[in-house]
>>> print(open('run_38.pdb').read())   # PDB, C-alpha atoms
ATOM      1  CA  MET A 731     -25.250  10.145 -21.534
ATOM      2  CA  GLN A 732     -24.152  13.137 -19.500
ATOM      3  CA  TRP A 733     -23.138  12.382 -15.930
ATOM      4  CA  PRO A 734     -24.749  12.959 -13.473
ATOM      5  CA  SER A 735     -28.282  12.542 -14.814
ATOM      6  CA  LYS A 736     -29.817  11.575 -11.431
ATOM      7  CA  ASN A 737     -29.279  11.947  -7.681
ATOM      8  CA  LEU A 738     -26.100  10.547  -6.129
ATOM      9  CA  SER A 739     -25.823   8.410  -2.986
ATOM     10  CA  LEU A 740     -23.043   9.018  -0.475
ATOM     11  CA  ILE A 741     -22.627   6.081   1.917
ATOM     12  CA  VAL A 742     -21.360   6.954   5.406
ATOM     13  CA  PRO A 743     -20.258   3.881   7.432
ATOM     14  CA  PHE A 744     -21.262   5.559  10.708
ATOM     15  CA  GLY A 745     -24.504   6.788  12.252
ATOM     16  CA  PRO A 746     -26.214  10.169  11.986
ATOM     17  CA  GLY A 747     -24.463  12.816  14.079
ATOM     18  CA  SER A 748     -21.051  11.138  13.934
ATOM     19  CA  SER A 749     -18.098  13.221  12.742
ATOM     20  CA  PRO A 750     -17.943  11.524   9.304
ATOM     21  CA  ASP A 751     -21.713  11.961   8.904
ATOM     22  CA  THR A 752     -21.718  15.638   9.820
ATOM     23  CA  MET A 753     -18.726  16.359   7.587
ATOM     24  CA  ALA A 754     -20.259  14.412   4.678
ATOM     25  CA  ARG A 755     -23.541  16.337   4.908
ATOM     26  CA  ILE A 756     -21.775  19.715   4.849
ATOM     27  CA  ILE A 757     -19.623  18.755   1.854
ATOM     28  CA  ALA A 758     -22.413  16.914  -0.013
ATOM     29  CA  ASP A 759     -24.711  19.932   0.191
ATOM     30  CA  GLU A 760     -22.122  22.161  -1.487
ATOM     31  CA  ALA A 761     -20.750  19.578  -3.970
ATOM     32  CA  GLY A 762     -24.294  18.771  -5.110
ATOM     33  CA  LYS A 763     -24.667  22.372  -6.252
ATOM     34  CA  THR A 764     -21.549  22.040  -8.411
ATOM     35  CA  LEU A 765     -22.705  18.736  -9.929
ATOM     36  CA  GLY A 766     -26.259  19.957 -10.448
ATOM     37  CA  LYS A 767     -27.792  16.968  -8.665
ATOM     38  CA  PRO A 768     -28.485  16.343  -4.963
ATOM     39  CA  ILE A 769     -26.148  14.031  -3.032
ATOM     40  CA  ILE A 770     -28.178  11.911  -0.632
ATOM     41  CA  ILE A 771     -26.504  10.635   2.565
ATOM     42  CA  VAL A 772     -27.034   6.932   3.305
ATOM     43  CA  ASN A 773     -25.915   5.819   6.778
ATOM     44  CA  LYS A 774     -24.621   2.226   6.998
ATOM     45  CA  PRO A 775     -23.079   1.941  10.485
ATOM     46  CA  GLY A 776     -21.591  -1.128  12.118
ATOM     47  CA  ALA A 777     -18.418  -3.175  12.657
ATOM     48  CA  SER A 778     -16.174  -0.113  13.180
ATOM     49  CA  GLY A 779     -17.046   1.221   9.733
ATOM     50  CA  ASN A 780     -16.371  -2.028   7.876
ATOM     51  CA  ILE A 781     -20.009  -2.668   6.887
ATOM     52  CA  GLY A 782     -20.523   0.657   5.149
ATOM     53  CA  THR A 783     -17.044   0.658   3.606
ATOM     54  CA  ASN A 784     -17.777  -2.792   2.168
ATOM     55  CA  GLU A 785     -21.030  -1.437   0.666
ATOM     56  CA  ILE A 786     -19.067   1.341  -1.006
ATOM     57  CA  ALA A 787     -16.519  -1.157  -2.335
ATOM     58  CA  LYS A 788     -19.245  -3.451  -3.706
ATOM     59  CA  ALA A 789     -21.432  -0.726  -5.258
ATOM     60  CA  LYS A 790     -21.917  -0.392  -8.992
ATOM     61  CA  PRO A 791     -18.936   1.686 -10.219
ATOM     62  CA  ASP A 792     -21.053   4.134 -12.218
ATOM     63  CA  GLY A 793     -20.281   7.169 -10.072
ATOM     64  CA  TYR A 794     -23.757   7.393  -8.587
ATOM     65  CA  THR A 795     -22.712   5.679  -5.355
ATOM     66  CA  PHE A 796     -19.601   6.732  -3.481
ATOM     67  CA  GLY A 797     -18.748   7.174   0.165
ATOM     68  CA  ALA A 798     -16.803   8.693   3.025
ATOM     69  CA  SER A 799     -14.617   6.516   5.220
ATOM     70  CA  ILE A 800     -11.813   6.782   7.743
ATOM     71  CA  THR A 801      -8.452   5.439   8.887
ATOM     72  CA  GLY A 802      -9.769   2.229  10.478
ATOM     73  CA  PRO A 803     -11.694   0.611   7.595
ATOM     74  CA  LEU A 804      -9.238   1.879   4.970
ATOM     75  CA  VAL A 805      -5.847   1.326   6.662
ATOM     76  CA  ASN A 806      -5.836  -0.340  10.092
ATOM     77  CA  ASN A 807      -8.700  -2.849  10.031
ATOM     78  CA  PRO A 808      -7.321  -4.786   7.045
ATOM     79  CA  VAL A 809      -4.242  -5.482   9.176
ATOM     80  CA  ILE A 810      -6.124  -6.134  12.423
ATOM     81  CA  GLU A 811      -9.013  -8.229  11.097
ATOM     82  CA  LYS A 812      -8.491 -11.536   9.347
ATOM     83  CA  ASN A 813     -11.542 -11.888   7.102
ATOM     84  CA  LEU A 814     -12.631  -8.467   5.916
ATOM     85  CA  PRO A 815     -15.114  -8.783   3.027
ATOM     86  CA  TYR A 816     -13.254  -6.125   1.016
ATOM     87  CA  ASN A 817      -9.671  -5.164   0.248
ATOM     88  CA  PRO A 818      -8.988  -1.403   0.177
ATOM     89  CA  SER A 819      -6.031  -1.941  -2.158
ATOM     90  CA  THR A 820      -8.038  -3.709  -4.866
ATOM     91  CA  ASP A 821     -11.712  -2.816  -4.287
ATOM     92  CA  ILE A 822     -11.606   0.915  -3.611
ATOM     93  CA  ALA A 823     -10.751   3.944  -5.740
ATOM     94  CA  PRO A 824      -9.701   7.046  -3.774
ATOM     95  CA  ILE A 825     -11.450  10.280  -4.722
ATOM     96  CA  ALA A 826     -10.146  12.881  -2.263
ATOM     97  CA  LEU A 827      -8.861  13.267   1.254
ATOM     98  CA  ALA A 828     -11.353  15.537   3.001
ATOM     99  CA  VAL A 829     -10.324  16.549   6.526
ATOM    100  CA  HIS A 830      -7.790  15.887   9.229
ATOM    101  CA  GLN A 831      -8.715  15.644  12.906
ATOM    102  CA  TYR A 832      -5.296  15.632  14.530
ATOM    103  CA  ASN A 833      -5.234  14.297  18.070
ATOM    104  CA  VAL A 834      -4.121  16.528  20.907
ATOM    105  CA  LEU A 835      -1.912  15.265  23.742
ATOM    106  CA  VAL A 836      -3.563  16.352  26.967
ATOM    107  CA  VAL A 837      -3.159  15.941  30.733
ATOM    108  CA  PRO A 838      -5.441  16.848  33.671
ATOM    109  CA  LYS A 839      -5.194  20.466  34.862
ATOM    110  CA  ASP A 840      -3.458  19.528  38.128
ATOM    111  CA  SER A 841      -0.949  17.167  36.520
ATOM    112  CA  PRO A 842       2.735  17.904  37.215
ATOM    113  CA  ILE A 843       3.303  17.243  33.500
ATOM    114  CA  ASN A 844       3.338  20.556  31.612
ATOM    115  CA  SER A 845       5.123  19.715  28.366
ATOM    116  CA  LEU A 846       5.955  16.876  26.011
ATOM    117  CA  GLN A 847       9.432  16.782  27.527
ATOM    118  CA  ASP A 848       7.868  16.313  30.984
ATOM    119  CA  LEU A 849       5.709  13.469  29.672
ATOM    120  CA  ILE A 850       8.629  11.685  28.020
ATOM    121  CA  ALA A 851      10.727  12.042  31.169
ATOM    122  CA  ALA A 852       7.877  10.654  33.292
ATOM    123  CA  ALA A 853       7.330   7.736  30.910
ATOM    124  CA  LYS A 854      11.036   6.867  31.123
ATOM    125  CA  THR A 855      11.118   6.946  34.935
ATOM    126  CA  PRO A 856      11.426   3.447  36.455
ATOM    127  CA  ASP A 857       8.170   2.324  38.133
ATOM    128  CA  ALA A 858       6.346   5.444  36.905
ATOM    129  CA  GLN A 859       3.147   3.408  36.337
ATOM    130  CA  LEU A 860       1.695   5.898  33.865
ATOM    131  CA  ASN A 861      -1.395   4.920  31.927
ATOM    132  CA  PHE A 862      -3.397   6.402  29.064
ATOM    133  CA  PRO A 863      -6.903   5.902  27.667
ATOM    134  CA  SER A 864      -7.945   5.456  24.055
ATOM    135  CA  THR A 865     -11.146   5.032  22.089
ATOM    136  CA  GLY A 866     -10.247   1.378  21.488
ATOM    137  CA  ALA A 867      -7.306  -0.893  20.724
ATOM    138  CA  GLY A 868      -5.891  -0.149  17.279
ATOM    139  CA  THR A 869      -7.500   3.277  16.988
ATOM    140  CA  VAL A 870      -5.424   6.379  16.255
ATOM    141  CA  SER A 871      -5.731   7.545  19.889
ATOM    142  CA  HIS A 872      -4.074   4.269  20.916
ATOM    143  CA  LEU A 873      -1.482   3.897  18.159
ATOM    144  CA  ALA A 874      -0.271   7.509  18.214
ATOM    145  CA  VAL A 875       0.730   7.180  21.884
ATOM    146  CA  GLU A 876       2.331   3.776  21.312
ATOM    147  CA  LEU A 877       4.384   5.251  18.453
ATOM    148  CA  LEU A 878       5.534   8.096  20.694
ATOM    149  CA  LEU A 879       6.498   5.644  23.463
ATOM    150  CA  GLU A 880       8.336   3.471  20.949
ATOM    151  CA  ARG A 881      10.308   6.424  19.599
ATOM    152  CA  THR A 882      11.211   7.800  23.029
ATOM    153  CA  GLY A 883      11.782   4.589  24.987
ATOM    154  CA  GLY A 884       9.007   5.377  27.444
ATOM    155  CA  GLU A 885       6.454   3.048  29.032
ATOM    156  CA  ALA A 886       2.763   3.505  29.849
ATOM    157  CA  LEU A 887      -0.182   1.154  30.184
ATOM    158  CA  HIS A 888      -2.919   1.364  27.561
ATOM    159  CA  VAL A 889      -6.505   1.406  28.883
ATOM    160  CA  PRO A 890      -9.130   1.159  26.103
ATOM    161  CA  TYR A 891     -12.503   2.887  26.557
ATOM    162  CA  PRO A 892     -15.647   2.598  24.407
ATOM    163  CA  SER A 893     -15.754   6.268  23.374
ATOM    164  CA  SER A 894     -13.973   9.620  23.445
ATOM    165  CA  PRO A 895     -16.211  11.002  26.240
ATOM    166  CA  ALA A 896     -15.441   7.950  28.398
ATOM    167  CA  ALA A 897     -11.715   8.374  27.759
ATOM    168  CA  VAL A 898     -11.883  12.068  28.670
ATOM    169  CA  THR A 899     -13.826  11.265  31.852
ATOM    170  CA  SER A 900     -11.055   8.882  32.898
ATOM    171  CA  LEU A 901      -8.609  11.798  32.771
ATOM    172  CA  LEU A 902     -10.891  14.032  34.797
ATOM    173  CA  THR A 903     -11.405  11.400  37.505
ATOM    174  CA  GLY A 904      -7.698  10.584  37.733
ATOM    175  CA  GLU A 905      -8.069   7.019  36.445
ATOM    176  CA  THR A 906      -5.628   7.862  33.630
ATOM    177  CA  HIS A 907      -2.697  10.275  33.361
ATOM    178  CA  PHE A 908      -2.472  11.536  29.778
ATOM    179  CA  ALA A 909      -4.094  10.946  26.400
ATOM    180  CA  ALA A 910      -3.986  11.690  22.684
ATOM    181  CA  LEU A 911      -7.616  12.309  21.754
ATOM    182  CA  PRO A 912      -9.631  13.907  18.932
ATOM    183  CA  PRO A 913      -9.949  17.689  19.169
ATOM    184  CA  VAL A 914     -13.757  17.622  19.238
ATOM    185  CA  ALA A 915     -13.539  15.564  22.461
ATOM    186  CA  VAL A 916     -10.965  17.699  24.276
ATOM    187  CA  MET A 917     -11.376  21.290  23.076
ATOM    188  CA  PRO A 918     -14.352  22.168  25.333
ATOM    189  CA  LEU A 919     -12.362  20.958  28.359
ATOM    190  CA  ILE A 920      -9.222  22.768  27.233
ATOM    191  CA  LYS A 921     -11.253  25.972  26.886
ATOM    192  CA  ASP A 922     -12.707  25.713  30.390
ATOM    193  CA  GLY A 923      -9.327  24.790  31.896
ATOM    194  CA  ARG A 924     -10.089  21.257  33.067
ATOM    195  CA  ILE A 925      -7.342  19.695  30.941
ATOM    196  CA  LYS A 926      -4.070  21.047  29.545
ATOM    197  CA  PRO A 927      -2.813  20.579  25.966
ATOM    198  CA  ILE A 928       0.898  19.773  25.791
ATOM    199  CA  ALA A 929       1.369  18.958  22.086
ATOM    200  CA  ALA A 930      -0.486  18.490  18.809
ATOM    201  CA  VAL A 931       0.107  15.050  17.296
ATOM    202  CA  SER A 932       0.801  16.560  13.879
ATOM    203  CA  ALA A 933       3.474  18.061  11.660
ATOM    204  CA  GLU A 934       1.981  21.576  11.552
ATOM    205  CA  ARG A 935       0.313  23.629  14.264
ATOM    206  CA  LEU A 936      -3.463  23.389  14.492
ATOM    207  CA  SER A 937      -5.580  26.381  13.509
ATOM    208  CA  PHE A 938      -7.620  26.165  16.722
ATOM    209  CA  LEU A 939      -4.568  25.683  19.025
ATOM    210  CA  PRO A 940      -1.898  27.828  17.342
ATOM    211  CA  GLU A 941       0.042  28.337  20.590
ATOM    212  CA  VAL A 942       0.490  24.587  21.205
ATOM    213  CA  PRO A 943       3.654  23.048  19.690
ATOM    214  CA  THR A 944       3.572  19.921  17.557
ATOM    215  CA  VAL A 945       5.389  16.676  18.300
ATOM    216  CA  ALA A 946       7.258  17.204  15.015
ATOM    217  CA  GLU A 947       8.693  20.585  15.998
ATOM    218  CA  LEU A 948       9.595  19.150  19.410
ATOM    219  CA  GLY A 949      11.837  16.618  17.701
ATOM    220  CA  TYR A 950       9.623  13.682  16.762
ATOM    221  CA  ALA A 951       8.859  14.014  13.054
ATOM    222  CA  GLY A 952       6.708  11.309  11.518
ATOM    223  CA  ILE A 953       4.513  10.842  14.582
ATOM    224  CA  GLU A 954       1.100  11.923  13.353
ATOM    225  CA  GLY A 955      -2.256  10.930  14.764
ATOM    226  CA  SER A 956      -5.118  12.035  12.564
ATOM    227  CA  GLY A 957      -8.654  10.712  12.568
ATOM    228  CA  TRP A 958      -8.874  11.700   8.916
ATOM    229  CA  ILE A 959     -11.908  11.277   6.670
ATOM    230  CA  GLY A 960     -11.748  10.797   2.910
ATOM    231  CA  PHE A 961     -14.032  10.186  -0.060
ATOM    232  CA  ILE A 962     -13.841   6.879  -1.926
ATOM    233  CA  ALA A 963     -15.616   5.019  -4.734
ATOM    234  CA  PRO A 964     -15.781   1.410  -5.930
ATOM    235  CA  VAL A 965     -12.848   0.429  -8.110
ATOM    236  CA  GLY A 966     -13.693   0.531 -11.798
ATOM    237  CA  ILE A 967     -15.229   4.003 -11.711
ATOM    238  CA  ASP A 968     -14.694   5.898 -14.965
ATOM    239  CA  ALA A 969     -11.645   8.159 -14.696
ATOM    240  CA  GLN A 970     -13.558  11.178 -16.007
ATOM    241  CA  ILE A 971     -16.340  10.713 -13.435
ATOM    242  CA  GLN A 972     -13.748  10.206 -10.697
ATOM    243  CA  SER A 973     -12.174  13.494 -11.761
ATOM    244  CA  GLN A 974     -15.543  15.300 -11.775
ATOM    245  CA  LEU A 975     -16.325  14.027  -8.298
ATOM    246  CA  ASN A 976     -12.892  15.093  -7.082
ATOM    247  CA  GLN A 977     -13.331  18.588  -8.528
ATOM    248  CA  ALA A 978     -16.791  19.032  -6.971
ATOM    249  CA  LEU A 979     -15.651  17.786  -3.549
ATOM    250  CA  THR A 980     -12.452  19.847  -3.681
ATOM    251  CA  ALA A 981     -14.418  22.983  -4.563
ATOM    252  CA  ALA A 982     -16.716  22.321  -1.606
ATOM    253  CA  LEU A 983     -13.765  21.828   0.759
ATOM    254  CA  GLN A 984     -12.251  25.103  -0.456
ATOM    255  CA  ASN A 985     -15.498  27.031  -0.011
ATOM    256  CA  GLU A 986     -15.070  29.660   2.700
ATOM    257  CA  ALA A 987     -18.445  29.037   4.378
ATOM    258  CA  VAL A 988     -17.799  25.268   4.372
ATOM    259  CA  GLN A 989     -14.350  25.756   5.887
ATOM    260  CA  THR A 990     -15.842  27.918   8.632
ATOM    261  CA  ARG A 991     -18.337  25.169   9.511
ATOM    262  CA  LEU A 992     -15.611  22.508   9.493
ATOM    263  CA  HIS A 993     -13.397  24.614  11.736
ATOM    264  CA  THR A 994     -16.206  24.880  14.301
ATOM    265  CA  MET A 995     -15.920  21.057  14.563
ATOM    266  CA  PHE A 996     -12.102  21.320  14.822
ATOM    267  CA  MET A 997     -11.624  19.710  11.406
ATOM    268  CA  GLU A 998      -8.772  20.853   9.165
ATOM    269  CA  PRO A 999      -9.821  20.797   5.454
ATOM    270  CA  ALA A1000      -7.297  18.787   3.428
ATOM    271  CA  ALA A1001      -8.561  18.457  -0.149
ATOM    272  CA  SER A1002      -6.319  16.378  -2.416
ATOM    273  CA  THR A1003      -6.105  14.640  -5.753
ATOM    274  CA  PRO A1004      -7.005  10.931  -5.927
ATOM    275  CA  GLU A1005      -3.309  10.158  -6.410
ATOM    276  CA  ALA A1006      -2.266  12.171  -3.353
ATOM    277  CA  PHE A1007      -4.958  10.493  -1.238
ATOM    278  CA  ALA A1008      -3.771   7.055  -2.375
ATOM    279  CA  ALA A1009      -0.181   7.988  -1.476
ATOM    280  CA  TYR A1010      -1.278   9.257   1.936
ATOM    281  CA  MET A1011      -3.075   5.996   2.723
ATOM    282  CA  GLN A1012       0.128   4.121   1.835
ATOM    283  CA  GLU A1013       2.054   6.445   4.165
ATOM    284  CA  GLU A1014      -0.444   5.714   6.952
ATOM    285  CA  ALA A1015      -0.164   1.967   6.343
ATOM    286  CA  ALA A1016       3.631   2.229   6.600
ATOM    287  CA  ARG A1017       3.237   4.151   9.874
ATOM    288  CA  TRP A1018       0.725   1.864  11.592
ATOM    289  CA  THR A1019       1.135  -1.676  10.202
ATOM    290  CA  PRO A1020       4.455  -2.499  11.938
ATOM    291  CA  LEU A1021       3.089  -1.111  15.217
ATOM    292  CA  ILE A1022      -0.166  -3.106  14.956
ATOM    293  CA  LYS A1023       1.870  -6.253  14.434
ATOM    294  CA  ARG A1024       4.336  -5.492  17.247
ATOM    295  CA  LEU A1025       1.451  -4.918  19.665
ATOM    296  CA  ASN A1026      -0.154  -8.207  18.581
ATOM    297  CA  LEU A1027      -3.413  -6.497  17.642
ATOM    298  CA  ALA A1028      -3.854  -8.530  14.467
ATOM    299  CA  GLU A1029      -6.235 -11.483  14.598
ATOM    300  CA  LYS A1030      -4.434 -14.822  14.522
TER     301      LYS A1030
END
>>> encode(input="run_38.pdb", output="structure tokens")
Amino acid sequence: MQWPSKNLSLIVPFGPGSSPDTMARIIADEAGKTLGKPIIIVNKPGASGNIGTNEIAKAKPDGYTFGASITGPLVNNPVIEKNLPYNPSTDIAPIALAVHQYNVLVVPKDSPINSLQDLIAAAKTPDAQLNFPSTGAGTVSHLAVELLLERTGGEALHVPYPSSPAAVTSLLTGETHFAALPPVAVMPLIKDGRIKPIAAVSAERLSFLPEVPTVAELGYAGIEGSGWIGFIAPVGIDAQIQSQLNQALTAALQNEAVQTRLHTMFMEPAASTPEAFAAYMQEEAARWTPLIKRLNLAEK
């Protein structure tokens, strides 16, 4: 029987209006045209994305159910959490990396810190008492800063917040001194001058902040902090169907109108082969696993 012969379901492990949800809807609309069948979004939020990612992993591997997931459920949570009901290495087949959302290192507008070099120098000053917010322990906004501090020998206190807006507010009120946060959270404040960008936590300059240098070009290659989103399927999916899904999703990500919409949300399209996505997740695991263990974030 020709595939697809019916509608597809795309599970998103986060609620309506979240970044993964919005991205998935834009891509699904276009990819459905290529496949000739609608792709229906199914939101399964909860447990930091683990519930929905588990549903994707446990779905029938016939190609009619696949999903979009992120760094936490696919890379970090398996290290942090002791009894996950799925194993990304054995239960999930990568389809395609979709987008990067590289964090931006920012400071309040009146901060004496004006560059990455200033920040590193401040973090290495005895009794500096710097602190930084994140969107939660073990998230990219936390780990990216910890990796930078580890590489540079600096010190700063981590202060977890429940959301990006709360973390940004802590900068504006002076409760915290600097942060590495998702672009969608900081760009409006950068544009109106309330916070200053000092570096992109990426290897290449960001399309929406081309004048801001990257940590890599400033001498710290390998420090990347992306809240990436990728498409996955249950393991056991037919290789031909996996390839068809990849081609449809890749075509959508390369569509000019789609790219324009993604850029308005400060997402960098990053279509890939299943093999390249698998390799990237291994690279991320190598980057974050030792740090998660050193910071004692893993459940005992």
>>> closest_residue(input="run_38.pdb", among="A:Asn813, A:Ser900, A:Thr906, A:Asn833", to="Gln859 in chain A", atoms="all atoms listed in the file")
A:Thr906
>>> closest_residue(input="run_38.pdb", among="A:Gln989, A:Thr882, A:Ser956, A:Thr903", to="Pro838 in chain A", atoms="only C-alpha atoms")
A:Thr903
>>> resolve_selection(input="run_38.pdb", expression="the PyMOL selection byres ((chain A and resi 918-921) around 10)", output="ChimeraX atom specification")
/A:836-839,898,902,913-917,922-927,939
>>> residues_around(input="run_38.pdb", residues="Ile781 in chain A", least_positions_apart="6", cutoff="8 Å", atoms="all atoms listed in the file", output="JSON, numbers by chain")
{"A": [743, 774, 775]}
>>> closest_residue(input="run_38.pdb", among="A:Val834, A:Ile1022, A:Leu877, A:Ala951", to="Val805 in chain A", atoms="all atoms listed in the file")
A:Ile1022
>>> closest_residue(input="run_38.pdb", among="A:Ala758, A:Val889, A:Ile810, A:Leu975", to="Thr865 in chain A", atoms="all atoms listed in the file")
A:Val889
>>> residues_around(input="run_38.pdb", residues="Ser973 in chain A", least_positions_apart="6", cutoff="10 Å", atoms="all atoms listed in the file", output="number ranges by chain")
A: 825-826, 967, 979, 1003-1004
>>> resolve_selection(input="run_38.pdb", expression="the PyMOL selection byres ((chain A and resi 769) around 8)", output="PDB file with C-alpha atoms, in the frame of the given file")
ATOM      1  CA  ASN A 737     -29.279  11.947  -7.681  1.00  0.00           C
ATOM      2  CA  LEU A 738     -26.100  10.547  -6.129  1.00  0.00           C
ATOM      3  CA  SER A 739     -25.823   8.410  -2.986  1.00  0.00           C
ATOM      4  CA  LEU A 740     -23.043   9.018  -0.475  1.00  0.00           C
ATOM      5  CA  ALA A 758     -22.413  16.914  -0.013  1.00  0.00           C
ATOM      6  CA  ASP A 759     -24.711  19.932   0.191  1.00  0.00           C
ATOM      7  CA  ALA A 761     -20.750  19.578  -3.970  1.00  0.00           C
ATOM      8  CA  GLY A 762     -24.294  18.771  -5.110  1.00  0.00           C
ATOM      9  CA  LYS A 767     -27.792  16.968  -8.665  1.00  0.00           C
ATOM     10  CA  PRO A 768     -28.485  16.343  -4.963  1.00  0.00           C
ATOM     11  CA  ILE A 770     -28.178  11.911  -0.632  1.00  0.00           C
ATOM     12  CA  ILE A 771     -26.504  10.635   2.565  1.00  0.00           C
TER      13      ILE A 771
END
>>> atom_distance(input="run_38.pdb", atom1="CA of Ala978 in chain A", atom2="CA of Leu804 in chain A")
22.2 Å
>>> decode(input="run_38.pdb", residues="range 839-862 of chain A", atoms="N, CA and C atoms", output="compact mmCIF listing (two decimals), in the first residue's frame")
# COMPACT_ATOMS: atom_id res chain seq x y z
N LYS A 839 21.39 47.02 30.62
CA LYS A 839 21.93 48.15 29.84
C LYS A 839 22.96 48.97 30.59
N ASP A 840 22.79 49.06 31.94
CA ASP A 840 23.72 49.89 32.72
C ASP A 840 24.86 49.10 33.34
N SER A 841 25.02 47.84 32.90
CA SER A 841 26.10 47.02 33.43
C SER A 841 27.46 47.55 32.96
N PRO A 842 28.48 47.49 33.81
CA PRO A 842 29.83 47.87 33.36
C PRO A 842 30.43 46.84 32.41
N ILE A 843 29.81 45.69 32.30
CA ILE A 843 30.27 44.64 31.40
C ILE A 843 29.79 44.95 29.98
N ASN A 844 30.72 45.06 29.04
CA ASN A 844 30.36 45.42 27.66
C ASN A 844 30.84 44.40 26.64
N SER A 845 31.50 43.35 27.09
CA SER A 845 32.03 42.36 26.15
C SER A 845 32.20 41.03 26.88
N LEU A 846 32.44 39.98 26.10
CA LEU A 846 32.70 38.68 26.72
C LEU A 846 33.97 38.74 27.55
N GLN A 847 34.97 39.47 27.06
CA GLN A 847 36.22 39.61 27.81
C GLN A 847 35.96 40.27 29.17
N ASP A 848 35.10 41.28 29.18
CA ASP A 848 34.73 41.95 30.45
C ASP A 848 34.07 40.95 31.40
N LEU A 849 33.17 40.13 30.86
CA LEU A 849 32.45 39.17 31.69
C LEU A 849 33.40 38.15 32.29
N ILE A 850 34.30 37.63 31.46
CA ILE A 850 35.26 36.63 31.95
C ILE A 850 36.16 37.23 33.03
N ALA A 851 36.61 38.46 32.79
CA ALA A 851 37.46 39.13 33.78
C ALA A 851 36.70 39.33 35.10
N ALA A 852 35.43 39.71 35.00
CA ALA A 852 34.62 39.92 36.21
C ALA A 852 34.41 38.61 36.96
N ALA A 853 34.17 37.53 36.19
CA ALA A 853 33.91 36.23 36.81
C ALA A 853 35.17 35.65 37.46
N LYS A 854 36.33 36.14 37.05
CA LYS A 854 37.59 35.65 37.63
C LYS A 854 38.11 36.55 38.76
N THR A 855 37.39 37.64 39.02
CA THR A 855 37.78 38.55 40.10
C THR A 855 37.41 37.95 41.45
N PRO A 856 38.35 37.89 42.39
CA PRO A 856 38.02 37.35 43.73
C PRO A 856 36.86 38.13 44.36
N ASP A 857 35.92 37.39 44.96
CA ASP A 857 34.78 38.00 45.66
C ASP A 857 33.89 38.84 44.73
N ALA A 858 33.84 38.47 43.45
CA ALA A 858 33.02 39.23 42.50
C ALA A 858 31.53 39.08 42.80
N GLN A 859 31.13 37.88 43.27
CA GLN A 859 29.74 37.59 43.62
C GLN A 859 28.78 37.82 42.47
N LEU A 860 29.20 37.41 41.28
CA LEU A 860 28.31 37.45 40.11
C LEU A 860 27.28 36.33 40.22
N ASN A 861 26.09 36.57 39.66
CA ASN A 861 25.13 35.49 39.54
C ASN A 861 24.41 35.57 38.19
N PHE A 862 23.80 34.46 37.80
CA PHE A 862 23.10 34.41 36.52
C PHE A 862 21.84 33.57 36.64
